[in-house]
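structure_15.cif (mmCIF, C-alpha atoms and all ligand atoms) appears below.
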data_input
loop_
_atom_site.label_atom_id
_atom_site.label_comp_id
_atom_site.auth_asym_id
_atom_site.auth_seq_id
_atom_site.Cartn_x
_atom_site.Cartn_y
_atom_site.Cartn_z
CA MET A 1 0.00 0.00 0.00
CA LYS A 2 1.24 3.49 -0.82
CA PHE A 3 0.45 5.80 2.08
CA ASN A 4 -1.20 9.16 1.43
CA GLU A 5 0.03 12.37 2.93
CA LEU A 6 -1.75 13.58 6.06
CA LYS A 7 -3.60 16.89 5.73
CA ILE A 8 -4.68 18.67 8.90
CA GLY A 9 -6.37 21.89 7.80
CA ASP A 10 -3.78 23.78 5.75
CA LEU A 11 -0.89 21.67 7.08
CA THR A 12 0.37 18.76 5.02
CA ALA A 13 2.66 16.05 6.37
CA ARG A 14 4.27 14.01 3.59
CA VAL A 15 4.22 10.97 5.84
CA PRO A 16 1.00 10.09 7.76
CA ILE A 17 2.85 9.54 11.04
CA ILE A 18 2.59 11.65 14.17
CA GLN A 19 5.21 11.04 16.86
CA GLY A 20 3.23 10.94 20.10
CA GLY A 21 4.17 13.37 22.86
CA MET A 22 6.16 11.69 25.64
CA GLY A 23 6.59 13.29 29.04
CA VAL A 24 8.55 14.04 31.05
CA GLY A 25 11.26 15.16 28.65
CA VAL A 26 11.28 12.09 26.39
CA SER A 27 10.05 14.00 23.33
CA LEU A 28 11.49 17.49 23.25
CA SER A 29 12.81 19.56 20.36
CA ASN A 30 15.42 17.04 19.23
CA LEU A 31 13.06 14.13 18.61
CA ALA A 32 10.20 16.30 17.37
CA SER A 33 12.37 18.12 14.81
CA ALA A 34 13.91 14.84 13.58
CA VAL A 35 10.44 13.37 12.93
CA ALA A 36 9.30 16.58 11.22
CA ASN A 37 12.43 16.49 9.03
CA GLU A 38 11.45 13.00 7.86
CA GLY A 39 8.05 14.32 6.74
CA GLY A 40 6.03 13.28 9.81
CA ILE A 41 4.65 15.47 12.59
CA GLY A 42 6.94 15.95 15.60
CA ILE A 43 5.41 16.52 19.02
CA ILE A 44 7.12 18.17 21.98
CA SER A 45 5.78 17.00 25.34
CA GLY A 46 4.78 19.86 27.62
CA VAL A 47 4.59 17.85 30.85
CA GLN A 48 6.99 19.40 33.40
CA ILE A 49 9.02 20.55 30.41
CA GLY A 50 11.05 22.94 32.56
CA PHE A 51 12.60 20.15 34.70
CA ARG A 52 16.12 21.03 33.56
CA GLU A 53 15.76 24.76 34.24
CA PRO A 54 17.84 25.88 37.25
CA ASP A 55 14.82 27.37 39.06
CA PHE A 56 12.44 24.46 38.39
CA LEU A 57 12.18 23.42 42.05
CA LYS A 58 11.53 26.93 43.28
CA ASN A 59 9.46 28.24 40.45
CA PRO A 60 8.06 25.41 38.30
CA ILE A 61 5.51 27.49 36.40
CA GLU A 62 8.05 30.07 35.20
CA ALA A 63 10.52 27.30 34.39
CA ASN A 64 7.89 25.42 32.36
CA LEU A 65 6.81 28.53 30.45
CA ARG A 66 10.43 29.37 29.61
CA ALA A 67 11.11 25.82 28.45
CA ILE A 68 7.97 25.81 26.27
CA ARG A 69 9.34 28.88 24.48
CA SER A 70 12.87 27.55 24.15
CA GLU A 71 11.94 24.03 23.01
CA ILE A 72 9.60 25.37 20.32
CA LYS A 73 12.30 27.79 19.17
CA LYS A 74 14.95 25.02 19.06
CA ALA A 75 12.63 22.72 17.11
CA ARG A 76 11.96 25.51 14.60
CA GLU A 77 15.70 26.09 14.18
CA LYS A 78 16.23 22.41 13.40
CA SER A 79 13.21 21.83 11.17
CA LYS A 80 10.87 23.55 8.76
CA GLY A 81 8.37 20.70 9.18
CA ILE A 82 5.25 20.46 11.31
CA ILE A 83 5.81 20.77 15.06
CA GLY A 84 3.11 20.33 17.67
CA MET A 85 2.89 20.19 21.41
CA ASN A 86 1.21 17.64 23.67
CA LEU A 87 -0.32 19.17 26.77
CA MET A 88 -2.26 17.00 29.18
CA THR A 89 -5.63 18.35 30.25
CA ALA A 90 -5.08 16.90 33.73
CA MET A 91 -2.04 19.13 34.42
CA ASN A 92 -2.15 22.14 36.69
CA ASN A 93 -1.85 25.40 34.74
CA TYR A 94 -2.88 23.65 31.53
CA GLU A 95 -4.49 26.81 30.14
CA LEU A 96 -1.40 28.90 30.83
CA TYR A 97 0.84 26.43 29.02
CA VAL A 98 -1.47 26.12 26.00
CA LYS A 99 -1.58 29.92 25.67
CA GLU A 100 2.22 30.10 25.79
CA ALA A 101 2.58 27.51 23.03
CA VAL A 102 0.00 29.35 20.94
CA LYS A 103 1.90 32.62 21.44
CA GLU A 104 4.95 30.81 20.02
CA LYS A 105 2.81 29.89 17.00
CA ILE A 106 2.94 26.15 17.57
CA ASP A 107 1.36 24.36 14.58
CA LEU A 108 -0.90 22.15 16.62
CA ILE A 109 -1.85 21.10 20.13
CA ILE A 110 -2.76 17.54 21.03
CA SER A 111 -4.52 17.07 24.37
CA GLY A 112 -5.75 14.03 26.25
CA ALA A 113 -5.82 12.72 29.84
CA GLY A 114 -9.23 14.25 30.40
CA LEU A 115 -11.60 16.12 28.09
CA PRO A 116 -9.88 19.21 26.61
CA ILE A 117 -13.07 21.26 26.71
CA ALA A 118 -11.29 24.63 27.00
CA LEU A 119 -9.06 24.25 23.91
CA PRO A 120 -11.16 26.24 21.35
CA LYS A 121 -11.23 29.27 23.63
CA LEU A 122 -7.47 29.01 24.26
CA VAL A 123 -6.47 29.03 20.58
CA LYS A 124 -9.02 31.61 19.44
CA ASP A 125 -7.68 34.01 16.76
CA SER A 126 -4.62 31.81 16.13
CA THR A 127 -3.78 29.35 13.37
CA THR A 128 -2.94 26.59 15.87
CA LYS A 129 -4.81 23.39 15.10
CA ILE A 130 -6.45 21.49 17.98
CA ILE A 131 -6.58 17.72 18.26
CA PRO A 132 -8.19 15.84 21.14
CA ILE A 133 -7.12 12.33 22.16
CA VAL A 134 -10.12 10.07 22.70
CA SER A 135 -10.57 6.44 23.65
CA SER A 136 -14.19 6.08 22.54
CA ALA A 137 -16.74 7.60 20.16
CA LYS A 138 -18.69 8.67 23.26
CA ALA A 139 -15.85 10.87 24.54
CA CYS A 140 -15.33 12.20 21.03
CA ARG A 141 -18.99 13.21 20.75
CA ILE A 142 -18.91 15.00 24.13
CA ILE A 143 -15.85 17.01 23.07
CA ILE A 144 -17.27 17.92 19.67
CA LYS A 145 -20.63 19.01 21.10
CA SER A 146 -18.87 21.24 23.57
CA TRP A 147 -16.46 22.68 20.95
CA LEU A 148 -19.34 23.44 18.59
CA LYS A 149 -20.63 25.92 21.17
CA HIS A 150 -17.45 27.86 20.23
CA ASP A 151 -18.08 27.23 16.50
CA ARG A 152 -15.09 24.95 16.42
CA LEU A 153 -14.55 21.39 15.30
CA PRO A 154 -11.41 19.34 15.95
CA ASP A 155 -8.83 19.69 13.18
CA ALA A 156 -8.14 15.96 13.63
CA VAL A 157 -8.81 13.34 16.31
CA VAL A 158 -6.35 10.87 17.85
CA VAL A 159 -8.00 7.56 18.84
CA GLU A 160 -5.84 5.92 21.47
CA GLY A 161 -6.42 2.22 22.08
CA PRO A 162 -5.58 -0.07 24.99
CA LEU A 163 -2.01 -0.89 23.88
CA ALA A 164 -0.65 2.66 24.17
CA GLY A 165 2.10 3.73 26.54
CA GLY A 166 1.55 6.15 29.41
CA HIS A 167 -1.91 7.01 30.67
CA LEU A 168 -4.86 5.14 29.24
CA GLY A 169 -8.42 6.42 28.93
CA PHE A 170 -10.05 3.22 30.16
CA LYS A 171 -11.02 1.70 33.50
CA PHE A 172 -8.16 -0.20 35.18
CA GLU A 173 -10.31 -3.33 35.67
CA ASP A 174 -11.47 -3.33 32.04
CA ILE A 175 -7.87 -3.32 30.81
CA ILE A 176 -6.85 -6.11 33.18
CA GLU A 177 -9.87 -8.19 32.19
CA ASN A 178 -9.26 -7.53 28.48
CA LYS A 179 -12.67 -5.93 28.05
CA ILE A 180 -11.53 -3.07 25.81
CA LYS A 181 -12.25 -2.99 22.09
CA SER A 182 -9.26 -3.28 19.79
CA LEU A 183 -7.69 -0.16 18.33
CA LYS A 184 -9.11 -1.17 14.95
CA ASP A 185 -12.68 -1.36 16.31
CA LEU A 186 -12.25 1.93 18.19
CA THR A 187 -10.97 3.52 14.97
CA VAL A 188 -14.05 2.29 13.08
CA GLU A 189 -16.47 3.65 15.72
CA VAL A 190 -14.79 7.05 15.91
CA LYS A 191 -14.53 7.27 12.11
CA GLU A 192 -18.29 6.62 11.80
CA LEU A 193 -19.03 9.43 14.23
CA ILE A 194 -16.57 11.80 12.56
CA LYS A 195 -18.12 11.13 9.14
CA THR A 196 -21.44 12.54 10.35
CA TYR A 197 -19.74 15.84 11.28
CA GLU A 198 -17.69 15.87 8.07
CA GLU A 199 -20.86 15.54 6.02
CA LYS A 200 -22.85 18.07 8.07
CA TYR A 201 -20.12 20.75 8.06
CA SER A 202 -18.38 19.88 4.75
CA VAL A 203 -14.96 19.57 6.36
CA LYS A 204 -12.31 16.90 6.56
CA ILE A 205 -11.37 15.72 10.07
CA PRO A 206 -8.57 13.15 9.90
CA VAL A 207 -8.73 10.24 12.33
CA ILE A 208 -5.36 9.17 13.70
CA SER A 209 -4.98 5.74 15.37
CA ALA A 210 -2.54 5.26 18.26
CA GLY A 211 -1.34 2.59 20.66
CA GLY A 212 0.96 -0.38 20.18
CA ILE A 213 1.50 0.12 16.43
CA ARG A 214 4.82 -1.45 15.40
CA THR A 215 4.65 -2.55 11.75
CA LYS A 216 3.71 -1.43 8.26
CA GLU A 217 1.06 -4.17 8.15
CA GLU A 218 -0.60 -2.80 11.30
CA ILE A 219 -0.66 0.68 9.75
CA GLU A 220 -2.20 -0.71 6.57
CA GLU A 221 -4.88 -2.52 8.56
CA LEU A 222 -5.80 0.67 10.43
CA ILE A 223 -5.89 2.71 7.23
CA GLU A 224 -8.17 0.13 5.65
CA ALA A 225 -10.39 0.45 8.74
CA GLY A 226 -10.66 4.21 8.14
CA ALA A 227 -7.63 5.84 9.78
CA ASP A 228 -6.03 8.75 7.92
CA GLY A 229 -2.79 8.43 9.84
CA VAL A 230 -1.16 6.90 12.91
CA GLN A 231 0.49 8.17 16.06
CA LEU A 232 3.49 6.23 17.39
CA ALA A 233 5.55 6.96 20.44
CA SER A 234 7.43 3.92 21.86
CA ALA A 235 8.98 3.07 18.50
CA PHE A 236 10.83 6.43 18.58
CA VAL A 237 12.32 5.95 22.06
CA PRO A 238 15.48 3.96 21.17
CA THR A 239 16.49 6.44 18.47
CA VAL A 240 19.63 8.56 18.73
CA GLU A 241 17.41 11.62 18.37
CA CYS A 242 15.10 10.81 21.33
CA ASP A 243 15.63 13.32 24.15
CA ALA A 244 15.80 10.72 26.96
CA HIS A 245 19.02 9.39 28.57
CA ASP A 246 20.49 6.26 26.94
CA ASN A 247 19.58 4.20 30.06
CA PHE A 248 15.91 4.98 29.37
CA LYS A 249 16.33 3.79 25.78
CA LEU A 250 18.19 0.66 26.97
CA ALA A 251 15.30 -0.21 29.28
CA TYR A 252 13.09 -0.37 26.17
CA ILE A 253 15.60 -2.45 24.24
CA LYS A 254 16.04 -4.93 27.10
CA ALA A 255 12.39 -5.25 28.12
CA SER A 256 10.07 -7.94 26.83
CA ASP A 257 6.29 -7.94 27.02
CA GLU A 258 6.40 -9.71 30.42
CA ASP A 259 8.33 -6.77 31.87
CA GLU A 260 5.36 -4.43 31.47
CA LEU A 261 2.66 -3.59 34.00
CA ILE A 262 -0.63 -1.74 34.07
CA ILE A 263 -0.50 0.54 37.10
CA LYS A 264 -2.91 2.90 38.82
CA SER A 265 -1.14 6.19 38.25
CA PRO A 266 -1.35 9.02 40.81
CA VAL A 267 -3.01 11.00 37.99
CA GLY A 268 -6.08 8.84 38.68
CA MET A 269 -5.87 6.86 35.44
CA PRO A 270 -4.34 3.50 34.60
CA ALA A 271 -1.02 3.58 32.77
CA ARG A 272 1.34 1.13 31.05
CA ALA A 273 4.92 1.12 32.31
CA ILE A 274 8.05 -1.02 32.46
CA LYS A 275 8.56 -2.97 35.72
CA THR A 276 11.59 -1.04 36.99
CA ASP A 277 13.05 -1.50 40.48
CA PHE A 278 11.50 1.86 41.41
CA LEU A 279 8.03 0.73 40.40
CA THR A 280 8.30 -2.69 42.05
CA ARG A 281 9.57 -1.10 45.29
CA SER A 282 6.94 1.64 45.29
CA LEU A 283 4.10 -0.77 44.69
CA ASN A 284 5.27 -3.37 47.22
CA GLU A 285 6.65 -1.26 50.02
CA GLY A 286 5.56 2.28 49.27
CA CYS A 287 8.34 4.78 48.72
CA ASP A 288 10.06 7.36 50.88
CA PRO A 289 7.75 10.11 52.14
CA ILE A 290 7.19 12.77 49.49
CA LYS A 291 9.13 15.81 50.68
CA LYS A 292 8.43 18.25 47.91
CA CYS A 293 5.22 18.61 45.89
CA TYR A 294 5.75 19.86 42.31
CA LYS A 295 2.06 20.81 42.11
CA CYS A 296 1.83 19.14 38.72
CA MET A 297 -1.80 18.06 39.12
CA PRO A 298 -4.81 19.37 40.94
CA ASN A 299 -6.18 17.12 43.69
CA CYS A 300 -3.06 14.98 44.05
CA ASP A 301 -3.32 13.56 47.56
CA PHE A 302 0.44 13.36 47.96
CA ASN A 303 0.31 11.80 51.43
CA ASN A 304 -1.57 8.82 50.06
CA ILE A 305 0.10 7.93 46.78
CA PRO A 306 2.75 5.23 46.36
CA TYR A 307 5.18 7.62 44.64
CA CYS A 308 5.42 11.11 43.19
CA ILE A 309 4.83 10.82 39.47
CA SER A 310 6.98 13.86 38.63
CA VAL A 311 9.96 12.47 40.58
CA GLY A 312 9.54 9.00 39.03
CA LEU A 313 9.37 10.32 35.46
CA ILE A 314 12.18 12.88 35.86
CA ASN A 315 14.53 10.33 37.47
CA ALA A 316 13.89 7.90 34.61
CA VAL A 317 14.43 10.37 31.77
CA GLU A 318 17.71 11.46 33.41
CA GLY A 319 18.94 7.84 33.29
CA ASN A 320 18.22 6.81 36.90
CA ASP A 321 15.86 4.24 38.38
CA GLY A 322 12.36 5.65 37.94
CA LEU A 323 9.04 5.42 36.16
CA ILE A 324 9.28 4.42 32.49
CA PHE A 325 6.07 4.50 30.49
CA ALA A 326 5.96 2.31 27.39
CA GLY A 327 3.47 0.94 24.87
CA ALA A 328 2.72 -2.78 24.55
CA ASN A 329 4.62 -5.18 22.25
CA LEU A 330 8.05 -4.11 23.50
CA LYS A 331 9.61 -7.33 22.20
CA THR A 332 9.59 -5.73 18.74
CA ILE A 333 11.75 -2.85 20.01
CA ASN A 334 15.20 -4.35 20.38
CA LYS A 335 17.96 -2.09 19.06
CA PHE A 336 19.27 1.44 18.97
CA THR A 337 18.12 3.08 15.76
CA THR A 338 17.39 6.43 14.11
CA VAL A 339 14.18 8.29 13.33
CA LYS A 340 14.91 7.90 9.61
CA GLU A 341 15.21 4.12 9.98
CA VAL A 342 12.03 3.82 12.08
CA ILE A 343 10.00 5.78 9.53
CA SER A 344 11.43 4.12 6.45
CA ASN A 345 10.85 0.63 7.96
CA LEU A 346 7.24 1.58 8.69
CA LEU A 347 6.68 2.88 5.20
CA ASP A 348 8.95 0.31 3.58
CA ASP A 349 10.41 2.81 1.14
C1 LIG B 401 7.25 7.37 27.60
C2 LIG B 401 5.87 7.81 27.20
C3 LIG B 401 5.36 8.99 27.67
C4 LIG B 401 4.11 9.44 27.25
N1 LIG B 401 3.68 10.66 27.68
C5 LIG B 401 2.50 11.14 27.21
C6 LIG B 401 2.07 12.45 27.56
O1 LIG B 401 2.75 13.18 28.28
N2 LIG B 401 0.87 12.88 27.09
C7 LIG B 401 0.09 12.09 26.28
O2 LIG B 401 -0.99 12.51 25.86
N3 LIG B 401 0.49 10.85 25.91
C8 LIG B 401 1.67 10.37 26.34
N4 LIG B 401 2.09 9.14 25.94
C9 LIG B 401 1.29 8.39 24.93
C10 LIG B 401 1.88 8.58 23.51
O3 LIG B 401 1.83 9.91 23.10
C11 LIG B 401 1.21 7.71 22.44
O4 LIG B 401 -0.06 8.10 22.09
C12 LIG B 401 1.16 6.24 22.77
O5 LIG B 401 2.24 5.85 23.54
C13 LIG B 401 1.14 5.44 21.48
O6 LIG B 401 1.42 4.09 21.71
P1 LIG B 401 2.87 3.48 21.41
O7 LIG B 401 3.80 4.09 22.38
O8 LIG B 401 2.67 2.04 21.61
O9 LIG B 401 3.23 3.83 19.99
C14 LIG B 401 3.33 8.65 26.36
C15 LIG B 401 3.83 7.43 25.92
C16 LIG B 401 5.09 7.00 26.32
C17 LIG B 401 5.60 5.70 25.78
#

Could you write out this file's structure as C-alpha cells?
Amino acid sequence: MKFNELKIGDLTARVPIIQGGMGVGVSLSNLASAVANEGGIGIISGVQIGFREPDFLKNPIEANLRAIRSEIKKAREKSKGIIGMNLMTAMNNYELYVKEAVKEKIDLIISGAGLPIALPKLVKDSTTKIIPIVSSAKACRIIIKSWLKHDRLPDAVVVEGPLAGGHLGFKFEDIIENKIKSLKDLTVEVKELIKTYEEKYSVKIPVISAGGIRTKEEIEELIEAGADGVQLASAFVPTVECDAHDNFKLAYIKASDEDELIIKSPVGMPARAIKTDFLTRSLNEGCDPIKKCYKCMPNCDFNNIPYCISVGLINAVEGNDGLIFAGANLKTINKFTTVKEVISNLLDD
C-alpha cells in the first residue's frame, strides 16, 4: 500500500505519522524536529518541560513557560516541518501552558488525559490546530458538542487504544480483564461518528490511530479500517534523536512484554509502564515520604500515593531508576536506531 500524505487543515505532512508526545522530557525539540524532518509530525511534550531549568524546584511554572518557548524555538531552528505540542488536560496550569505555546505559534496542540473542553477558547484568533485524544466515540462526541458551542470542530482526532504507553483512557479493571475494544474497532467507531460531522459541516477531520503500532502491516490494517494516519511513540524511544538518557532507551531495548505492567497512576488513570526496580519497590513497600510537591496536578493527595509521578518520570528520563512509560509489544523494540530508519521501515520505502 502506498500511504497518502496527512492533511490537517492547511498543514500537510508528507508521511501520515505523528510522533506521540512523551513526558517528562522524552520527546522534546530534538526528537520532534527529527520526525518533522522526515516528513512526519513531531510533538514536543509539555509535561513538566522545565525540569532542567535551574529554578524548576523553586518556580516550576516560570521554568515550564520558559522551556515551552525555548523548546519550540529550538525545534523551529532544526526543522521547517510540522511541530506540535502535547499538553495534558489533567495538568495544573494547563491553560497557561497552552496559551504560551499558541503565542509561540505552535502548529498544533494535542490534548488528552481528560476532556480538553477549553481548547477552542485558548487558541481563538490563532492558526494553531487542535486535536483531542479520545478512547471512545462517546468521549469524542462530548468534546465535539462542547467545541461546537465555540463554532469549532477538531482539526483531527487521535484515537488511542488499549495498547498505548503512558496514561490510558479506560477503567483499570477493564484493561486487566481484556474488556476493551481493539484499536481497529475503536478507529471504526470514531470514524463513523466523525463522518457525520464531516458531512454536516463539509470539512475533513482526519482520524489518527494510536497505541501499540509497530509494523507497516498494522498501519495498513488501520488505514483500511478508516484511519487517515497513525500516532506512534514507543517506536521512537530507542532512536539517537530521542531526548531521553540512553539508560531509558536501553530499558526499552532490554524489556520484553512480560516486563510491562498496568499501574494505577497518581493521575487517577491506569497507565502502562516497564517494571523497573523503582516501580516494584513503590508498589510493594511504598516509597520514601514525598518531601516536595511539584504541584503538577490538581487534587493529588500526595500523602496517600505510592510515589510522586513527577519524581519518578524525571529520574527515569535522566537515566536513573524511575518510572518508564511504554506501549505494549516491546519485544519488537530491540535495538538502537534512528528516526529515519524507524520511519522508512514503517513505510517500507
Ligand atoms: C514514555 C511515554 C510517555 C508518554 N507521555 C504522554 C504524555 O505526556 N501525554 C500524552 O498525551 N500521551 C503520552 N504518551 C502516549 C503517547 O503519546 C502515544 O499516544 C502512545 O504511547 C502510542 O502508543 P505506542 O507508544 O505504543 O506507539 C506517552 C507514551 C510514552 C511511551

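In this comparison, which uses all atoms listed in the file, the residue of A:Ala316, A:Ile142, A:Ile130, A:Leu232 approaching A:Gly42 most closely is A:Leu232.
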
Neighbour list for A:Ala235 as number ranges by chain, cut-off 8 Å, all atoms listed in the file, skip fewer than 6 positions in-chain:
A: 214, 333, 342

Give as a PDB file with C-alpha atoms, in the coordinates of the input the residues surrounding ligand LIG 401 (chain B) up to a distance of 9 Å, considering all atoms listed in the file.
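Written output follows (result-v2.pdb):
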ATOM      1  CA  GLN A  19       5.210  11.040  16.860  1.00  0.00           C
ATOM      2  CA  GLY A  20       3.230  10.940  20.100  1.00  0.00           C
ATOM      3  CA  GLY A  21       4.170  13.370  22.860  1.00  0.00           C
ATOM      4  CA  MET A  22       6.160  11.690  25.640  1.00  0.00           C
ATOM      5  CA  GLY A  23       6.590  13.290  29.040  1.00  0.00           C
ATOM      6  CA  VAL A  24       8.550  14.040  31.050  1.00  0.00           C
ATOM      7  CA  GLY A  25      11.260  15.160  28.650  1.00  0.00           C
ATOM      8  CA  VAL A  26      11.280  12.090  26.390  1.00  0.00           C
ATOM      9  CA  SER A  27      10.050  14.000  23.330  1.00  0.00           C
ATOM     10  CA  ILE A  43       5.410  16.520  19.020  1.00  0.00           C
ATOM     11  CA  SER A  45       5.780  17.000  25.340  1.00  0.00           C
ATOM     12  CA  GLY A  46       4.780  19.860  27.620  1.00  0.00           C
ATOM     13  CA  VAL A  47       4.590  17.850  30.850  1.00  0.00           C
ATOM     14  CA  ASN A  86       1.210  17.640  23.670  1.00  0.00           C
ATOM     15  CA  LEU A  87      -0.320  19.170  26.770  1.00  0.00           C
ATOM     16  CA  MET A  88      -2.260  17.000  29.180  1.00  0.00           C
ATOM     17  CA  THR A  89      -5.630  18.350  30.250  1.00  0.00           C
ATOM     18  CA  ILE A 110      -2.760  17.540  21.030  1.00  0.00           C
ATOM     19  CA  SER A 111      -4.520  17.070  24.370  1.00  0.00           C
ATOM     20  CA  GLY A 112      -5.750  14.030  26.250  1.00  0.00           C
ATOM     21  CA  ALA A 113      -5.820  12.720  29.840  1.00  0.00           C
ATOM     22  CA  ILE A 133      -7.120  12.330  22.160  1.00  0.00           C
ATOM     23  CA  VAL A 158      -6.350  10.870  17.850  1.00  0.00           C
ATOM     24  CA  VAL A 159      -8.000   7.560  18.840  1.00  0.00           C
ATOM     25  CA  GLU A 160      -5.840   5.920  21.470  1.00  0.00           C
ATOM     26  CA  GLY A 161      -6.420   2.220  22.080  1.00  0.00           C
ATOM     27  CA  PRO A 162      -5.580  -0.070  24.990  1.00  0.00           C
ATOM     28  CA  LEU A 163      -2.010  -0.890  23.880  1.00  0.00           C
ATOM     29  CA  ALA A 164      -0.650   2.660  24.170  1.00  0.00           C
ATOM     30  CA  GLY A 165       2.100   3.730  26.540  1.00  0.00           C
ATOM     31  CA  GLY A 166       1.550   6.150  29.410  1.00  0.00           C
ATOM     32  CA  HIS A 167      -1.910   7.010  30.670  1.00  0.00           C
ATOM     33  CA  LEU A 168      -4.860   5.140  29.240  1.00  0.00           C
ATOM     34  CA  SER A 209      -4.980   5.740  15.370  1.00  0.00           C
ATOM     35  CA  ALA A 210      -2.540   5.260  18.260  1.00  0.00           C
ATOM     36  CA  GLY A 211      -1.340   2.590  20.660  1.00  0.00           C
ATOM     37  CA  GLY A 212       0.960  -0.380  20.180  1.00  0.00           C
ATOM     38  CA  ILE A 213       1.500   0.120  16.430  1.00  0.00           C
ATOM     39  CA  ARG A 214       4.820  -1.450  15.400  1.00  0.00           C
ATOM     40  CA  VAL A 230      -1.160   6.900  12.910  1.00  0.00           C
ATOM     41  CA  GLN A 231       0.490   8.170  16.060  1.00  0.00           C
ATOM     42  CA  LEU A 232       3.490   6.230  17.390  1.00  0.00           C
ATOM     43  CA  ALA A 233       5.550   6.960  20.440  1.00  0.00           C
ATOM     44  CA  SER A 234       7.430   3.920  21.860  1.00  0.00           C
ATOM     45  CA  ALA A 235       8.980   3.070  18.500  1.00  0.00           C
ATOM     46  CA  PHE A 236      10.830   6.430  18.580  1.00  0.00           C
ATOM     47  CA  VAL A 237      12.320   5.950  22.060  1.00  0.00           C
ATOM     48  CA  ARG A 272       1.340   1.130  31.050  1.00  0.00           C
ATOM     49  CA  ALA A 273       4.920   1.120  32.310  1.00  0.00           C
ATOM     50  CA  LEU A 313       9.370  10.320  35.460  1.00  0.00           C
ATOM     51  CA  VAL A 317      14.430  10.370  31.770  1.00  0.00           C
ATOM     52  CA  LEU A 323       9.040   5.420  36.160  1.00  0.00           C
ATOM     53  CA  ILE A 324       9.280   4.420  32.490  1.00  0.00           C
ATOM     54  CA  PHE A 325       6.070   4.500  30.490  1.00  0.00           C
ATOM     55  CA  ALA A 326       5.960   2.310  27.390  1.00  0.00           C
ATOM     56  CA  GLY A 327       3.470   0.940  24.870  1.00  0.00           C
ATOM     57  CA  ALA A 328       2.720  -2.780  24.550  1.00  0.00           C
ATOM     58  CA  ASN A 329       4.620  -5.180  22.250  1.00  0.00           C
ATOM     59  CA  LEU A 330       8.050  -4.110  23.500  1.00  0.00           C
TER      60      LEU A 330
END

What gap, in Å, lies between atom CA of A:Met91 and atom CA of A:Gly114?
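The value is 9.6 Å.
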
Considering all atoms listed in the file, return as a PyMOL selection string whatever protein or nucleic-acid residues lie within 6 Å of stretch 274-289 of chain A, sequence-local ones (same chain, fewer than 6 positions apart) excluded.
chain A and resi 259-260+306-307+321-322+324

Export of the given selection (C-alpha atoms) as a short mmCIF file (atom, residue, chain, number, x, y, z; two decimals), in the frame of the given file:
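Output (result-v5.cif):
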data_model
loop_
_atom_site.label_atom_id
_atom_site.label_comp_id
_atom_site.auth_asym_id
_atom_site.auth_seq_id
_atom_site.Cartn_x
_atom_site.Cartn_y
_atom_site.Cartn_z
CA ASP A 259 8.33 -6.77 31.87
CA GLU A 260 5.36 -4.43 31.47
CA PRO A 306 2.75 5.23 46.36
CA TYR A 307 5.18 7.62 44.64
CA ASP A 321 15.86 4.24 38.38
CA GLY A 322 12.36 5.65 37.94
CA ILE A 324 9.28 4.42 32.49
#

Between A:Ile208, A:Ile180, A:Ala75, A:Cys242, smallest distance to A:Pro132 by only C-alpha atoms belongs to A:Ile208

Quick one: pull the distance between atom CA of A:Arg52 and atom CA of A:Glu38, Å, one decimal.
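Rounded to one decimal, the two atoms are 27.3 Å apart.
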
Out of A:Thr239, A:Thr332, A:Ser310, A:Thr12, which residue has the shortest atom-to-atom distance to A:Pro266 when counting all atoms listed in the file?
A:Ser310

Quick one: distance from atom CA of A:Leu11 to atom CA of A:Ser136 in Å, one decimal?
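Going from atom CA of A:Leu11 over to atom CA of A:Ser136 covers 25.7 Å.
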
Give me the residues near A:Gly84 as a ChimeraX atom specification, where near means some atom within 6 Å (using only C-alpha atoms) and where sequence neighbours in that chain fewer than 6 positions away do not count.
/A:43,106-109

From the options A:Ile176, A:Trp147, A:Ile314, A:Asn93, which residue's atoms come nearest to A:Pro298, counting all atoms listed in the file?
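Among the listed residues, A:Asn93 lies closest to A:Pro298.
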
Measuring atom to atom with only C-alpha atoms, identify which of A:Asp243, A:Asp257, A:Glu173, A:Glu5 is nearest to A:Ile44.
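Among A:Asp243, A:Asp257, A:Glu173, A:Glu5, it is A:Asp243 that comes nearest to A:Ile44.
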
May I have the residues within 9 Å of A:Leu250 as a list in words, using all atoms listed in the file and disregarding those fewer than 6 positions away in the same chain?
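Listing them by chain and then by number gives Pro238, Asn334, Lys335 and Phe336 of chain A.
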
Name the residues within 8 Å of (-0.2, -1.0, 38.3), counting only C-alpha atoms in the file's coordinates, and put them as JSON, numbers by chain.
{"A": [261, 262, 263, 264, 265, 270, 271, 272, 283]}

Using all atoms listed in the file, what table do you get, as JSON lines, when you list each residue of stretch 136-162 of chain A with an atom no more than 10 Å from stretch 116-121 of chain A, its nearest pair of atoms, and their distance in Å rounded to one decimal, rows by chain then rising number?
{"residue": "A:Ile142", "atom": "CA", "partner": "A:Ile117", "partner_atom": "CA", "distance": 8.9}
{"residue": "A:Ile143", "atom": "CA", "partner": "A:Ile117", "partner_atom": "CA", "distance": 6.2}
{"residue": "A:Ile144", "atom": "CA", "partner": "A:Ile117", "partner_atom": "CA", "distance": 8.9}
{"residue": "A:Lys145", "atom": "CA", "partner": "A:Ile117", "partner_atom": "CA", "distance": 9.7}
{"residue": "A:Ser146", "atom": "CA", "partner": "A:Ile117", "partner_atom": "CA", "distance": 6.6}
{"residue": "A:Trp147", "atom": "CA", "partner": "A:Pro120", "partner_atom": "CA", "distance": 6.4}
{"residue": "A:Leu148", "atom": "CA", "partner": "A:Pro120", "partner_atom": "CA", "distance": 9.1}
{"residue": "A:Lys149", "atom": "CA", "partner": "A:Pro120", "partner_atom": "CA", "distance": 9.5}
{"residue": "A:His150", "atom": "CA", "partner": "A:Pro120", "partner_atom": "CA", "distance": 6.6}
{"residue": "A:Asp151", "atom": "CA", "partner": "A:Pro120", "partner_atom": "CA", "distance": 8.5}
{"residue": "A:Arg152", "atom": "CA", "partner": "A:Pro120", "partner_atom": "CA", "distance": 6.4}
{"residue": "A:Leu153", "atom": "CA", "partner": "A:Pro120", "partner_atom": "CA", "distance": 8.5}
{"residue": "A:Pro154", "atom": "CA", "partner": "A:Pro120", "partner_atom": "CA", "distance": 8.8}

Which residues come within 8 Å of A:Arg66, counting all atoms listed in the file, excluding same-chain residues fewer than 4 positions away, as a compact mmCIF listing (two decimals) with C-alpha atoms, in the frame of the given file?
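Now in part.txt:
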# COMPACT_ATOMS: atom_id res chain seq x y z
CA GLY A 50 11.05 22.94 32.56
CA GLU A 62 8.05 30.07 35.20
CA SER A 70 12.87 27.55 24.15
